[in-house]
Amino acid sequence: MKKISSGKVREIYEIDDDKLMLVVSDRISAFDFIMPNPVLDKGKVLNKISEFWFDFVSSIIPNHIITTNYEEFPEEFRKEEFKDRSMLVKKLKMLPVECIVRGYITGSGWAEYQENGTVCGIKLPEGLQECQKLDEPIFTPSTKADLGDHDENISFERCTEILGKDLAEKVKKATIDIYKKCADYALSKGIIIADTKFEFGLDENGNLVLGDEVLTPDSSRFWPADDYEVGRGQKSFDKQYLRDWLKDNGYRNNPPESLPEDVLTTTRNKYVEAYEKITGKKF
């Protein structure tokens, strides 16, 4: 099989002209660096969470999955190493923007708001506090950076220039509709989805299709609802714990040679807990 991409977390193999195999590794990245140690089972957790959400929003938008059933994979991928961490998908013409939606003000958005009252150039009401819920989710797209570079936030106007008006409007609506449906559901399971990013592509008929990953702890901020309090940073089920550890230990701009065992175990447990809360299944 021809490997066509090896990203921070995923390996992508070309099966034929219209099919790909996505394999999710246990690698973990933070601050655009791949960490030296993998997190046990992380790839399986991400794959299973994505599979759950793809199905959950299938009434809103079609997705790229052909099958996640290991028995139905091409022969080369019917091996234990690919089980539960892979999906056979339709090849799409992926759009060159990441579709970010923010329901709460936090992270880089909070830093920008403190400086000039905006998030990604969108003017917000005065007097918001850290991690406060926004009246309505906002769409803040970015360009896709090459490995090692930072994504660049862009305005909706710039997004329109890149995609064309109709497609940009369609993508914005889909992004917000998917987020709202999933955020409401997650809240009923005790998880606040503060923000997330989606990736879309076009199929052979020009239809908009949801691809890549959906609402995983890698692409989203998940907060425990029972500990949520406006005006401070939140605990999380995602890799924010790892980011905080790196910052606190002086590794913001360069990864350590190795991550401590307790950091790896805690990170794994957060991923597994998110999966179990969202899907209601034991991992």
# chains A, B, ... in the order shown; residues from 1 in each chain; ligands from 1
>>> residues_around(residues="stretch 155-170 of chain A", least_positions_apart="6", cutoff="7 Å", atoms="only C-alpha atoms", output="JSON, numbers by chain")
{"A": [120, 121, 140, 141]}
>>> closest_atom_pairs(of="stretch 198-262 of chain A", to="stretch 171-183 of chain A", cutoff="12 Å", atoms="only C-alpha atoms", output="Markdown table")
| residue | atom | partner | partner_atom | distance |
| --- | --- | --- | --- | --- |
| A:Phe198 | CA | A:Thr175 | CA | 6.9 |
| A:Glu199 | CA | A:Thr175 | CA | 9.1 |
| A:Phe200 | CA | A:Val171 | CA | 7.7 |
| A:Gly201 | CA | A:Val171 | CA | 9.8 |
| A:Leu202 | CA | A:Val171 | CA | 11.0 |
| A:Asn207 | CA | A:Val171 | CA | 11.2 |
| A:Leu208 | CA | A:Val171 | CA | 8.0 |
| A:Val209 | CA | A:Val171 | CA | 9.8 |
| A:Leu210 | CA | A:Ala174 | CA | 9.2 |
| A:Val214 | CA | A:Ile178 | CA | 9.8 |
| A:Leu215 | CA | A:Cys182 | CA | 8.4 |
| A:Thr216 | CA | A:Cys182 | CA | 11.6 |
| A:Ser220 | CA | A:Tyr179 | CA | 10.6 |
| A:Arg221 | CA | A:Ala183 | CA | 11.1 |
| A:Phe222 | CA | A:Ala183 | CA | 9.9 |
| A:Trp223 | CA | A:Ala183 | CA | 11.2 |
| A:Ala225 | CA | A:Ala183 | CA | 11.5 |
>>> atom_distance(atom1="atom CA of A:Leu124", atom2="atom CA of A:Ile193")
19.6 Å
>>> closest_residue(among="A:Lys42, A:Lys239, A:Lys79, A:Arg10", to="A:Val272", atoms="only C-alpha atoms")
A:Lys42
>>> select_by_dssp(residues="stretch 11-133 of chain A", states="helix (DSSP H, G or I)", output="ChimeraX atom specification")
/A:42-56,70-72,75-77,80-82,107-116
>>> decode(residues="stretch 74-93 of chain A", atoms="N, CA and C atoms", output="short mmCIF file (atom, residue, chain, number, x, y, z; two decimals), in the first residue's frame")
data_model
loop_
_atom_site.label_atom_id
_atom_site.label_comp_id
_atom_site.auth_asym_id
_atom_site.auth_seq_id
_atom_site.Cartn_x
_atom_site.Cartn_y
_atom_site.Cartn_z
N PRO A 74 -9.16 -3.99 3.33
CA PRO A 74 -8.30 -4.69 2.37
C PRO A 74 -7.36 -5.65 3.14
N GLU A 75 -6.98 -6.71 2.49
CA GLU A 75 -6.25 -7.79 3.16
C GLU A 75 -5.03 -7.30 3.96
N GLU A 76 -4.30 -6.34 3.38
CA GLU A 76 -3.06 -5.87 4.04
C GLU A 76 -3.33 -5.24 5.42
N PHE A 77 -4.57 -4.81 5.64
CA PHE A 77 -4.90 -4.12 6.90
C PHE A 77 -5.69 -4.98 7.87
N ARG A 78 -5.85 -6.26 7.50
CA ARG A 78 -6.52 -7.16 8.44
C ARG A 78 -5.48 -7.77 9.38
N LYS A 79 -4.82 -6.87 10.10
CA LYS A 79 -3.80 -7.28 11.07
C LYS A 79 -4.13 -6.62 12.39
N GLU A 80 -3.70 -7.23 13.47
CA GLU A 80 -4.03 -6.75 14.82
C GLU A 80 -3.61 -5.28 15.02
N GLU A 81 -2.49 -4.91 14.41
CA GLU A 81 -1.98 -3.54 14.62
C GLU A 81 -2.92 -2.46 14.07
N PHE A 82 -3.81 -2.84 13.14
CA PHE A 82 -4.73 -1.86 12.56
C PHE A 82 -6.13 -1.91 13.19
N LYS A 83 -6.38 -2.93 13.99
CA LYS A 83 -7.72 -3.14 14.54
C LYS A 83 -8.10 -2.00 15.49
N ASP A 84 -9.31 -1.50 15.34
CA ASP A 84 -9.90 -0.45 16.21
C ASP A 84 -9.27 0.93 16.06
N ARG A 85 -8.22 1.05 15.24
CA ARG A 85 -7.58 2.36 15.08
C ARG A 85 -7.58 2.83 13.63
N SER A 86 -8.39 2.18 12.79
CA SER A 86 -8.36 2.48 11.36
C SER A 86 -9.77 2.61 10.79
N MET A 87 -9.87 3.39 9.72
CA MET A 87 -11.12 3.42 8.98
C MET A 87 -10.84 3.50 7.48
N LEU A 88 -11.62 2.75 6.71
CA LEU A 88 -11.56 2.82 5.26
C LEU A 88 -12.51 3.93 4.83
N VAL A 89 -12.00 4.90 4.08
CA VAL A 89 -12.80 6.09 3.77
C VAL A 89 -12.76 6.41 2.27
N LYS A 90 -13.77 7.17 1.86
CA LYS A 90 -13.80 7.68 0.49
C LYS A 90 -12.78 8.80 0.35
N LYS A 91 -12.11 8.82 -0.78
CA LYS A 91 -11.19 9.92 -1.05
C LYS A 91 -12.01 11.17 -1.38
N LEU A 92 -11.67 12.27 -0.77
CA LEU A 92 -12.37 13.54 -1.01
C LEU A 92 -11.38 14.58 -1.49
N LYS A 93 -11.91 15.61 -2.11
CA LYS A 93 -11.09 16.79 -2.40
C LYS A 93 -11.21 17.69 -1.17
#
